[in-house]
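Novice: Here it is, the structure, as structure tokens.
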Amino acid sequence: MKKPQGRRKRRKGIGSVPGTLTYTGTRPEQKFYIEVIDYSRDHCSHKVYNDVKEVFEYAGSESVSWINVNGLHNVEAIEALGTFYKWHPLVLEDIVDTYQRPKIDEFDDYLFVVFKMIYYEEERPVIEHLSLIMGKNYVVTFQESHTDVFDDLRKRILENKGRVRGEKADYLLFVLLDAVVDHYFLVIETLGDKIEDLEDAVFEESHDDISKDILRLKKEMLRLKRAVFPAREIVSRIEKSDSDYILPHIKNYYRDLYDHTIQVVEYIEVYREMILSLMEMYMGTISNKMNNVMKVLTVIATIFIPLTFIAGIYGMNFDYMPELHGKYSYFILLGTMLLIFIGMLLYFKKKKWL
Amino acid sequence: MKKPQGRRKRRKGIGSVPGTLTYTGTRPEQKFYIEVIDYSRDHCSHKVYNDVKEVFEYAGSESVSWINVNGLHNVEAIEALGTFYKWHPLVLEDIVDTYQRPKIDEFDDYLFVVFKMIYYEEERPVIEHLSLIMGKNYVVTFQESHTDVFDDLRKRILENKGRVRGEKADYLLFVLLDAVVDHYFLVIETLGDKIEDLEDAVFEESHDDISKDILRLKKEMLRLKRAVFPAREIVSRIEKSDSDYILPHIKNYYRDLYDHTIQVVEYIEVYREMILSLMEMYMGTISNKMNNVMKVLTVIATIFIPLTFIAGIYGMNFDYMPELHGKYSYFILLGTMLLIFIGMLLYFKKKKWL
Amino acid sequence: MKKPQGRRKRRKGIGSVPGTLTYTGTRPEQKFYIEVIDYSRDHCSHKVYNDVKEVFEYAGSESVSWINVNGLHNVEAIEALGTFYKWHPLVLEDIVDTYQRPKIDEFDDYLFVVFKMIYYEEERPVIEHLSLIMGKNYVVTFQESHTDVFDDLRKRILENKGRVRGEKADYLLFVLLDAVVDHYFLVIETLGDKIEDLEDAVFEESHDDISKDILRLKKEMLRLKRAVFPAREIVSRIEKSDSDYILPHIKNYYRDLYDHTIQVVEYIEVYREMILSLMEMYMGTISNKMNNVMKVLTVIATIFIPLTFIAGIYGMNFDYMPELHGKYSYFILLGTMLLIFIGMLLYFKKKKWL
Amino acid sequence: MKKPQGRRKRRKGIGSVPGTLTYTGTRPEQKFYIEVIDYSRDHCSHKVYNDVKEVFEYAGSESVSWINVNGLHNVEAIEALGTFYKWHPLVLEDIVDTYQRPKIDEFDDYLFVVFKMIYYEEERPVIEHLSLIMGKNYVVTFQESHTDVFDDLRKRILENKGRVRGEKADYLLFVLLDAVVDHYFLVIETLGDKIEDLEDAVFEESHDDISKDILRLKKEMLRLKRAVFPAREIVSRIEKSDSDYILPHIKNYYRDLYDHTIQVVEYIEVYREMILSLMEMYMGTISNKMNNVMKVLTVIATIFIPLTFIAGIYGMNFDYMPELHGKYSYFILLGTMLLIFIGMLLYFKKKKWL
Amino acid sequence: MKKPQGRRKRRKGIGSVPGTLTYTGTRPEQKFYIEVIDYSRDHCSHKVYNDVKEVFEYAGSESVSWINVNGLHNVEAIEALGTFYKWHPLVLEDIVDTYQRPKIDEFDDYLFVVFKMIYYEEERPVIEHLSLIMGKNYVVTFQESHTDVFDDLRKRILENKGRVRGEKADYLLFVLLDAVVDHYFLVIETLGDKIEDLEDAVFEESHDDISKDILRLKKEMLRLKRAVFPAREIVSRIEKSDSDYILPHIKNYYRDLYDHTIQVVEYIEVYREMILSLMEMYMGTISNKMNNVMKVLTVIATIFIPLTFIAGIYGMNFDYMPELHGKYSYFILLGTMLLIFIGMLLYFKKKKWL
């Protein structure tokens with residue numbers, strides 16, 4: 001089992017000053033750009049910038065701005081944005097630290113959420129760090145690279161489908177998180193399919209690498225679990241938050257989202273049990289197969305070893321062995337052997353070994 | 001293991017606008033109809049409609065209406081009903097989303113409950129999505145297809161048995177949920193019978209597909225668990241609700257129902273442990289059987305291999321082997337072999353291998 | 001594994017009106033009678049009635065009455081009693097439903113407790129449904145059949161031993177529950193003895209049905225657990241109840257009883273772990289035994305197969321085999337074979353296979 | 001596995017009046033005596049009495065008395081003491097009931113604590129019942145027999161070391177419990193040593209009774225766990241108690257003791273996991289050994305069975321077998337066999353079976 | 001498995017007076033010295049002392065002092081320090097008791113924290129006892145020996161990097177704990193690498209000592225868990241503390257640290273599951289290998305035992321065996337044997353045993 005890219009890299013930044021921005025991800029080659037969708041009920045603009053300063057103009061307006069920052073390796077730009085919006089240094093540190101687990105922090109005038117986006121790429125789940133900051137009339141999202149998780153949503157805003165354009169930033173945050181959680185279901189379905197495939201493989205005749213596959217699946221599931229489980233509490237805290245961020249009529253949506261996160265968690269628990277059972281089943285099938293191999297050996301040996309012994313008797317060179325000289329002795333012996341052979345076969349048939 | 005219908009279908013509606021009504025079930029071929037039982041202490045009517053608008057007339061009357069909507073694929077009708085009764089869009093979304101887990105949502109003037117009906121069809125448990133909305137003087141139920149879960153109840157209302165006709169919508173909701181939970185017990189009994197059958201099979205002589213059966217049973221149980229467990233909390237929340245939906249003297253009934261849901265949960269926990277033990281037992285019987293096979297092989301080989309060796313000795317062609325020439329040598333040897341044979345048998349008898 | 005009586009019967013009463021009295025037990029052949037012990041500090045009477053109406057006279061007096069109803073199949077009598085005392089219909093339903101799990105319900109002027117009596121009959125634990133209703137100056141108990149669980153207590157009241165005659169109904173309820181919990185300890189001791197017997201059996205030479213016995217014990221324990229565990233919470237709720245049922249100086253007794261229920265629960269948890277270990281141990285002993293069988297086979301085969309090969313060499317019929325013609329060749333070969341034999345034995349001795 | 005003394009005895013006193021004093025221990029042969037250490041900052045007396053009445057004189061004085069009652073079988077003396085101090089009858093029952101689990105009961109003017117003393121005697125842990133009653137200016141301890149758990153403490157008081165003589169009864173209770181918990185650590189260390197010994201044994205070549213030893217260790221650990229776990233909550237309740245028993249500046253000591261009880265619990269949890277792993281490891285080593293045995297058998301059989309077959313070919317008595325008559329045929333065959341032999345050896349070497 | 005240093009030493013100090021300072025560590029040979037870094041926004045001094053009295057001068061100043069005491073064996077010096085600062089005797093006892101588990105104690109004018117530092121030394125994790133006392137304007141740390149855990153931090157303070165010099169003692173405590181927790185991640189990474197190495201080893205061909213390695217890893221992980229888990233609660237209690245120790249704007253940092261401790265805990269939980277799976281996988285691979293060995297044996301035996309029997313037949317010495325005399329009998333037989341041989345090979349090929 002080679003680990004071309006799985007081996008964890010040494011977490012950078014240990015021993016550094018708390019609040020230091022260190023990008024710990026693996027995609028520094030990404031192009032950095034900022035995408036802004038600014039909308040109100042009546043208008044909607046969609047622009048892409050490369051310089052962070054051009055984004056500052058959106059602050060303070062009455063329209064809602066979704067500022068989507070792509071590329072966490074550009075820590076200077078993120079620091080500049082943080083300084084402009086007066087976010088806490090630890091918030092900025094968490095944005096670029098891809099090892100940060102999902103969390104929520106409430107500040108006086110903004111809400112900071114860390115989530116994990118998950119999607120499948122080349123048969124393997126990719127877990128990507130996503131940070132969201134919701135303030136008055138804006139939501140800023142920070143991604144490592146461009147993903148298609150938000151594509152449907154972007155289209156819906158631009159084409160003014162659904163309620164987004166008529167609501168405020170709290171609803172925008174909801175639809176963003178909703179899009180991420182919707183993708184969790186896709187990942188969970190793929191996981192479920194993989195488990196069913198392995199199930200089939202366990203009960204097939206020839207299996208060689210199943211245990212390795214089961215272990216890999218288990219590790220995959222543990223990684224997903226760690227990424228997905230905190231989502232439940234985060235959404236619950238947004239829903240129960242007594243701050244002014246979230247308008248009362250929006251809370252129903254968060255409650256619905258909370259239901260979805262619970263559903264994800266339940267699926268993962270079920271899959272966990274299924275994988276445990278799979279391993280057990282696999283052990284059972286190995287034992288069963290060994291049993292069958294043993295039976296073949298035992299049947300052959302039990303039939304032929306006594307017969308060989310009898311043949312050995314009459315191969316002895318004693319001077320006086322009366323049986324040897326009868327005219328039909330040989331055929332009588334062959335007949336006896338045949339009877340023994342048939343008797344044995346019937347016995348094993350009865351014992352269901354054949 | 002073919003999966004004629006088990007393979008999960010791709011959850012529809014991912015990426016769609018929240019609040020969009022998308023039917024995710026598997027029974028679009030069902031006939032859509034609405035059944036209304038309208039009753040008070042003195043009168044009772046039972047009618048079936050195909051057009052949703054004809055149902056609107058029942059709103060606002062003093063008599064209690066049970067409006068049973070059959071067929072979730074007709075999302076337009078459900079949307080029309082929702083618009084008429086002013087239910088929240090997310091409620092409507094959950095009604096037609098058969099993946100929605102059991103839940104309860106309290107609104108100002110109605111209560112929304114999602115439950116799962118379970119019954120056995122062709123030896124396999126069918127889990128069906130059921131939504132209930134209780135408002136003032138009405139309960140609307142939404143089913144995927146006609147089932148016989150409510151047949152007894154329907155008869156009791158029409159024939160004015162029990163207390164239903166004398167009570168309000170809160171009692172109607174109770175008897176509806178009670179009918180569903182009563183069916184849980186039937187399902188659990190079937191599950192228990194299946195486990196006992198498997199137990200018998202484990203200790204029988206010939207078993208081939210037991211591990212596959214155990215795995216299937218385990219998956220069945222996990223599905224039931226996921227459908228049934230949330231019922232406990234939902235009923236508890238209805239009972240503890242401080243709203244005006246539920247009259248105080250009705251709460252005793254919900255407490256009783258709560259007891260029943262706990263009982264269901266306890267049974268499932270017990271069955272879970274039983275299935276775990278089953279697998280262990282199965283592994284034990286395989287090992288035991290292999291042990292017995294090994295013993296047969298060992299007994300045969302241990303008896304005849306040395307005897308064959310002795311016969312081989314006297315089959316050698318050395319010029320000078322004095323034993324060969326005695327008159328009784330052959331018979332002495334045969335006797336010796338017989339003694340060894342009997343000695344071995346006694347030895348294995350003592351070791352309880354025979 | 002025949003199930004002469006173990007197979008669960010179809011729970012009666014599914015689909016019936018809530019509050020309908022349906023006896024779900026298995027002892028309809030029992031004689032129905034009501035036993036009344038009426039006592040105060042100064043007097044004590046003990047009578048047996050067959051007609052429920054004769055019992056009504058005890059109501060309202062200042063003396064404490066213990067009304068022990070035997071035989072749950074007489075639902076009319078129980079209904080009559082319930083109507084007289086004005087108990088809730090659901091209470092009556094739970095009294096005759098032997099599937100009802102242990103529970104407590106507090107009403108304004110009475111307390112309803114469901115417990116399970118457990119005792120051993122013919123080596124198997126019998127779980128019997130017991131309902132208790134404590135009101136002002138009375139405790140009514142409902143049993144399926146006459147058991148000796150209350151025999152000691154009955155004697156103590158009649159002979160005026162202990163504090164019962166000087167206390168009120170709250171103390172009577174305590175001594176009744178105390179008698180039941182005391183019997184739990186007897187059952188748990190029997191369970192413990194059975195586990196120790198199985199432990200001995202696991203490490204004995206010949207065991208055939210151990211796994212079946214372990215499974216049966218496990219099922220027994222799961223049944224007991226389900227019957228016994230709720231007792232803990234019930235007693236705790238009586239002790240913490242802020243109603244007037246329970247006088248303050250009696251609460252100490254309930255706290256003591258609570259300790260006992262915890263002890264029972266702890267024992268069952270320990271036994272659960274022991275049974276799990278037993279199964280593991282059993283698997284270990286099977287593997288160990290197979291190992292020993294394998295060693296015997298391997299020793300015999302490894303010693304005699306090479307020797308037989310050598311004998312086979314000199315049994316060949318080549319024209320020119322110089323060794324065959326030496327005068328001592330045969331004896332030299334026999335000696336060589338003996339040396340090989342002894343060498344092998346020493347090797348296996350060193351490897352501790354013998 | 002004989003059980004000379006391990007078999008649980010029938011718990012006495014079932015069916016008896018609650019509050020009846022029944023000694024359930026196993027040491028009725030102990031000498032009964034009462035040891036009193038009476039001290040204040042300035043004086044200290046140490047006396048031993050056989051009659052309980054002589055102890056009454058210590059009541060009511062300003063000095064602190066530690067009254068250590070040895071021998072629980074003398075229920076009359078304990079009852080007399082209880083009557084004098086006005087303790088609750090249930091308290092007295094728990095003092096002499098050695099099956100009582102650790103607990104704490106707060107009364108208006110005294111505190112009742114049940115603990116378990118544990119020490120090793122002849123390689124096995126002995127669990128002894130200890131009751132403590134702390135009142136104003138006194139602590140009474142009840143032990144089954146004399147143990148050396150309190151020896152250090154006794155010496156410290158008599159020699160006026162540490163703070164005991166300068167503090168009140170609350171500190172005395174603390175040092176008593178502290179002495180007991182200190183001994184838990186000794187027991188846990190012994191348990192840890194035993195586990196390490198078993199670990200070594202598992203990986204040694206020859207092991208026969210390991211599984212029995214593991215099971216015994218597990219049972220030992222379960223017994224310890226049951227005795228030790230409640231200590232945590234008891235100490236916590238003393239520390240959090242808002243009564244006047246415990247002076248504020250003494251609470252720090254109880255908090256420290258609480259830390260120690262948590263440490264004990266943590267160790268036991270770790271040992272529990274270790275024992276579970278041990279069993280698994282043991283199963284692994286058995287499988288590994290069987291694998292090695294199988295390999296020996298397979299190597300021998302795979303090498304010699306084909307060779308014996310070849311020898312058998314040339315032992316046949318056909319009239320016309322040309323190979324038999326060549327002058328070097330025999331040696332050519334021997335050489336061929338040697339080549340096959342060497343080839344096989346190399347093959348198994350490559351497969352790492354040798 | 002020799003235990004050169006792993007065997008736990010008898011915990012010293014059992015039976016001693018509570019509050020007695022007993023060093024229980026294993027590094028008495030360390031040099032004792034005290035390092036003081038005294039700083040404010042404007043100045044910073046770094047000195048090393050050997051005499052504890054020279055440190056007293058730092059008390060009471062407005063600048064923040066980090067007093068780092070190295071070497072816990074010098075209990076007199078620690079006692080002198082404790083007396084000077086008026087710390088509770090139990091605090092001093094916990095400082096030198098290396099067995100003390102991580103804890104936090106809040107006193108009126110100081111905060112006492114016990115943590116465990118973990119780092120890898122010669123491939124094995126070393127767990128070192130660390131105590132921290134934060135008072136007004138000072139933090140005193142007590143270590144067993146010099147470690148490099150604080151090296152980065154020391155440098156940052158001296159070079160005035162980060163915010164330390166501008167903040168008070170509460171921030172100093174944070175950066176100290178942060179440095180320790182940062183090292184937890186290093187240890188966890190090493191643990192993760194070890195698990196991956198073992199995973200590779202399990203699926204490799206030849207493995208001998210894997211089960212021993214898995215057990216060692218498991219023990220290592222259990223030790224880490226015990227050292228690391230309490231950190232979570234400790235940091236949470238500091239963050240939620242309502243005392244004046246911690247300024248409000250510093251709490252964000254503690255919340256961030258709390259996130260990190262949760263992350264550590266999550267990693268350990270995941271690794272725990274991975275190690276459990278590893279053992280299972282290992283058992284599976286052993287069974288798989290045994291299966292392969294069995295197949296080789298069975299193939300060889302099944303092919304050659306019947307052939308040897310046939311050869312044995314024609315090696316018999318009957319006077320009248322017609323087949324022996326045909327001219328081509330021998331070759332016909334050889335051909336038949338070859339056919340049987342090939343047939344068998346094809347059969348096993350089909351069964352995928354070859």
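Ordering of the structure tokens sets the chain letters (A, B, ...); residue numbers start at 1 within each chain; ligands are numbered from 1 in the order shown.
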List every residue of chain A that has an atom at most 8 Å from any atom of chain B, and for each one report the closest atom pair and its distance in Å to one decimal, counting only C-alpha atoms, with rows sorted by chain and then by increasing residue number, as CSV.

Specialist:
```
residue,atom,partner,partner_atom,distance
A:Asp152,CA,B:Gly15,CA,5.6
A:Leu153,CA,B:Gly15,CA,7.0
A:Arg156,CA,B:Val17,CA,7.7
A:Lys161,CA,B:Val17,CA,7.5
A:Gly162,CA,B:Val17,CA,5.6
A:Val175,CA,B:Pro18,CA,7.7
A:Ala179,CA,B:Gly15,CA,6.4
A:Asp182,CA,B:Ile14,CA,5.8
A:His183,CA,B:Ile14,CA,7.6
A:Phe185,CA,B:Arg11,CA,7.9
A:Leu186,CA,B:Arg10,CA,7.9
A:Glu189,CA,B:Arg10,CA,7.5
A:Asp193,CA,B:Arg7,CA,7.8
A:Asp200,CA,B:Met1,CA,6.2
A:Phe203,CA,B:Lys212,CA,7.6
A:Asn252,CA,B:Leu90,CA,8.0
A:Tyr253,CA,B:Leu90,CA,7.5
A:Asp256,CA,B:Leu90,CA,7.5
A:Asp259,CA,B:Arg101,CA,7.7
A:Gln263,CA,B:Arg101,CA,6.8
A:Glu266,CA,B:Arg226,CA,7.6
A:Val270,CA,B:Leu222,CA,6.7
A:Met274,CA,B:Lys219,CA,7.5
A:Ser277,CA,B:Leu215,CA,7.3
A:Glu280,CA,B:Met279,CA,7.9
A:Met281,CA,B:Ser211,CA,6.4
A:Gly284,CA,B:Met283,CA,6.1
A:Thr285,CA,B:Ser211,CA,7.9
A:Ser287,CA,B:Ile286,CA,6.9
A:Asn288,CA,B:Ile286,CA,6.7
A:Asn291,CA,B:Met290,CA,5.5
A:Met294,CA,B:Val293,CA,7.1
A:Lys295,CA,B:Val293,CA,6.5
A:Thr298,CA,B:Leu297,CA,5.1
A:Ala301,CA,B:Leu297,CA,7.1
A:Thr302,CA,B:Ile300,CA,5.9
A:Ile305,CA,B:Phe304,CA,6.5
A:Pro306,CA,B:Phe304,CA,6.0
A:Thr308,CA,B:Thr308,CA,7.4
A:Phe309,CA,B:Thr308,CA,4.8
A:Gly312,CA,B:Ala311,CA,5.4
A:Ile313,CA,B:Ala311,CA,5.3
A:Gly315,CA,B:Gly315,CA,5.5
A:Met316,CA,B:Gly315,CA,3.9
A:Asn317,CA,B:Gly315,CA,5.3
A:Phe318,CA,B:Leu324,CA,4.4
A:Asp319,CA,B:His325,CA,5.4
A:Tyr320,CA,B:Lys327,CA,6.0
A:Met321,CA,B:Tyr330,CA,6.5
A:Lys352,CA,B:Ser206,CA,7.2
```

Novice: DSSP says strand (DSSP E or B) for which residues of segment 9-197 of chain B? Put them as a ChimeraX atom specification?

Specialist: /B:33-39,44-49,64-70,103-106,110-121,124-135,138-143

Novice: Would you export the selected residues with C-alpha atoms as an mmCIF file, in the first residue's frame, please?

Specialist:
```cif
data_model
loop_
_atom_site.group_PDB
_atom_site.id
_atom_site.type_symbol
_atom_site.label_atom_id
_atom_site.label_comp_id
_atom_site.auth_asym_id
_atom_site.auth_seq_id
_atom_site.Cartn_x
_atom_site.Cartn_y
_atom_site.Cartn_z
ATOM 1 C CA TYR B 33 -57.157 10.462 -4.120
ATOM 2 C CA ILE B 34 -58.237 12.220 -0.965
ATOM 3 C CA GLU B 35 -60.393 10.504 1.620
ATOM 4 C CA VAL B 36 -62.241 12.625 4.150
ATOM 5 C CA ILE B 37 -63.907 11.397 7.307
ATOM 6 C CA ASP B 38 -65.756 14.237 8.945
ATOM 7 C CA TYR B 39 -67.299 13.533 12.314
ATOM 8 C CA CYS B 44 -70.128 11.077 10.560
ATOM 9 C CA SER B 45 -69.494 11.288 6.799
ATOM 10 C CA HIS B 46 -66.980 9.368 4.711
ATOM 11 C CA LYS B 47 -66.185 10.585 1.192
ATOM 12 C CA VAL B 48 -63.463 10.154 -1.418
ATOM 13 C CA TYR B 49 -62.375 12.989 -3.735
ATOM 14 C CA VAL B 64 -63.427 17.157 13.189
ATOM 15 C CA SER B 65 -62.082 16.225 9.729
ATOM 16 C CA TRP B 66 -59.591 13.524 9.007
ATOM 17 C CA ILE B 67 -58.245 14.303 5.531
ATOM 18 C CA ASN B 68 -56.215 11.393 4.248
ATOM 19 C CA VAL B 69 -54.190 12.279 1.139
ATOM 20 C CA ASN B 70 -53.037 9.211 -0.807
ATOM 21 C CA LYS B 103 -39.571 14.785 13.073
ATOM 22 C CA ILE B 104 -41.938 17.182 14.734
ATOM 23 C CA ASP B 105 -42.307 20.901 14.107
ATOM 24 C CA GLU B 106 -44.593 23.122 16.143
ATOM 25 C CA TYR B 110 -50.681 23.688 13.502
ATOM 26 C CA LEU B 111 -48.426 20.806 14.445
ATOM 27 C CA PHE B 112 -46.388 18.966 11.804
ATOM 28 C CA VAL B 113 -45.308 15.370 12.422
ATOM 29 C CA VAL B 114 -43.343 13.062 10.126
ATOM 30 C CA PHE B 115 -43.549 9.352 10.961
ATOM 31 C CA LYS B 116 -42.630 6.135 9.234
ATOM 32 C CA MET B 117 -45.204 3.398 8.734
ATOM 33 C CA ILE B 118 -43.710 -0.070 8.663
ATOM 34 C CA TYR B 119 -45.357 -3.272 7.507
ATOM 35 C CA TYR B 120 -44.237 -6.528 5.973
ATOM 36 C CA GLU B 121 -44.853 -7.193 2.291
ATOM 37 C CA ARG B 124 -39.532 -7.848 3.619
ATOM 38 C CA PRO B 125 -40.246 -4.771 5.725
ATOM 39 C CA VAL B 126 -41.619 -1.814 3.800
ATOM 40 C CA ILE B 127 -40.982 1.596 5.304
ATOM 41 C CA GLU B 128 -43.456 4.187 4.159
ATOM 42 C CA HIS B 129 -43.351 7.933 4.610
ATOM 43 C CA LEU B 130 -46.264 9.361 6.608
ATOM 44 C CA SER B 131 -46.822 13.051 7.366
ATOM 45 C CA LEU B 132 -49.492 14.342 9.703
ATOM 46 C CA ILE B 133 -50.611 17.914 10.187
ATOM 47 C CA MET B 134 -52.926 18.654 13.075
ATOM 48 C CA GLY B 135 -54.693 21.991 13.171
ATOM 49 C CA TYR B 138 -58.567 18.740 11.428
ATOM 50 C CA VAL B 139 -55.800 16.222 10.935
ATOM 51 C CA VAL B 140 -54.389 15.822 7.434
ATOM 52 C CA THR B 141 -52.383 12.677 6.728
ATOM 53 C CA PHE B 142 -50.176 12.148 3.688
ATOM 54 C CA GLN B 143 -49.332 8.605 2.581
#
```

Novice: Could you list, as a list in words, every residue within 9 Å of Asp97 of chain D, counting only C-alpha atoms and ignoring same-chain residues fewer than 3 positions away?

Specialist: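 My reading of the contact set: Leu21, Thr22, Tyr23, Thr24, Gly25, Leu72, Leu92, Glu93, Asp94, Gln100 and His129 of chain D.
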
Novice: Convert the current residue selection to file output with N, CA and C atoms, as a short mmCIF file (atom, residue, chain, number, x, y, z; two decimals), in the first residue's frame.

Specialist:
```cif
data_model
loop_
_atom_site.label_atom_id
_atom_site.label_comp_id
_atom_site.auth_asym_id
_atom_site.auth_seq_id
_atom_site.Cartn_x
_atom_site.Cartn_y
_atom_site.Cartn_z
N LEU D 21 -31.27 -6.37 61.42
CA LEU D 21 -29.83 -6.46 61.33
C LEU D 21 -29.41 -7.90 61.10
N THR D 22 -28.89 -8.20 59.91
CA THR D 22 -28.42 -9.55 59.60
C THR D 22 -27.01 -9.44 59.06
N TYR D 23 -26.08 -10.09 59.76
CA TYR D 23 -24.70 -10.06 59.32
C TYR D 23 -24.54 -11.00 58.13
N THR D 24 -24.11 -10.48 56.98
CA THR D 24 -24.02 -11.30 55.77
C THR D 24 -22.58 -11.62 55.40
N GLY D 25 -21.64 -11.29 56.27
CA GLY D 25 -20.23 -11.50 55.95
C GLY D 25 -19.81 -12.94 56.20
N LEU D 72 -18.30 -7.33 62.62
CA LEU D 72 -19.69 -6.95 62.33
C LEU D 72 -20.68 -8.02 62.78
N LEU D 92 -28.12 0.98 60.37
CA LEU D 92 -27.57 -0.18 61.08
C LEU D 92 -27.63 -1.42 60.20
N GLU D 93 -28.74 -1.56 59.44
CA GLU D 93 -28.85 -2.70 58.54
C GLU D 93 -27.72 -2.69 57.50
N ASP D 94 -27.42 -1.50 56.96
CA ASP D 94 -26.37 -1.42 55.94
C ASP D 94 -24.99 -1.67 56.52
N GLN D 100 -23.91 -4.65 50.82
CA GLN D 100 -24.30 -3.27 50.52
C GLN D 100 -23.22 -2.60 49.67
N HIS D 129 -15.96 -4.79 53.79
CA HIS D 129 -17.02 -3.80 54.01
C HIS D 129 -16.60 -2.83 55.11
#
```

Novice: Run DSSP on the backbone and tell me which residues of segment 29-133 of chain B come out as alpha helix (DSSP H); list them as a VMD selection string.

Specialist: chain B and resid 75 to 85 89 to 96

Novice: Taking 4 positions as the minimum chain separation for residues in the same chain, which residues sit within 12 Å of Phe84 of chain A when counting only C-alpha atoms? Answer as a VMD selection string.

Specialist: chain A and resid 52 to 60 77 to 80 88 to 89

Novice: Report, in Å to a single decimal, how far apart atom CA of Ile250 of chain D and atom CA of Phe174 of chain D are.

Specialist: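 Those two atoms sit 8.4 Å apart.
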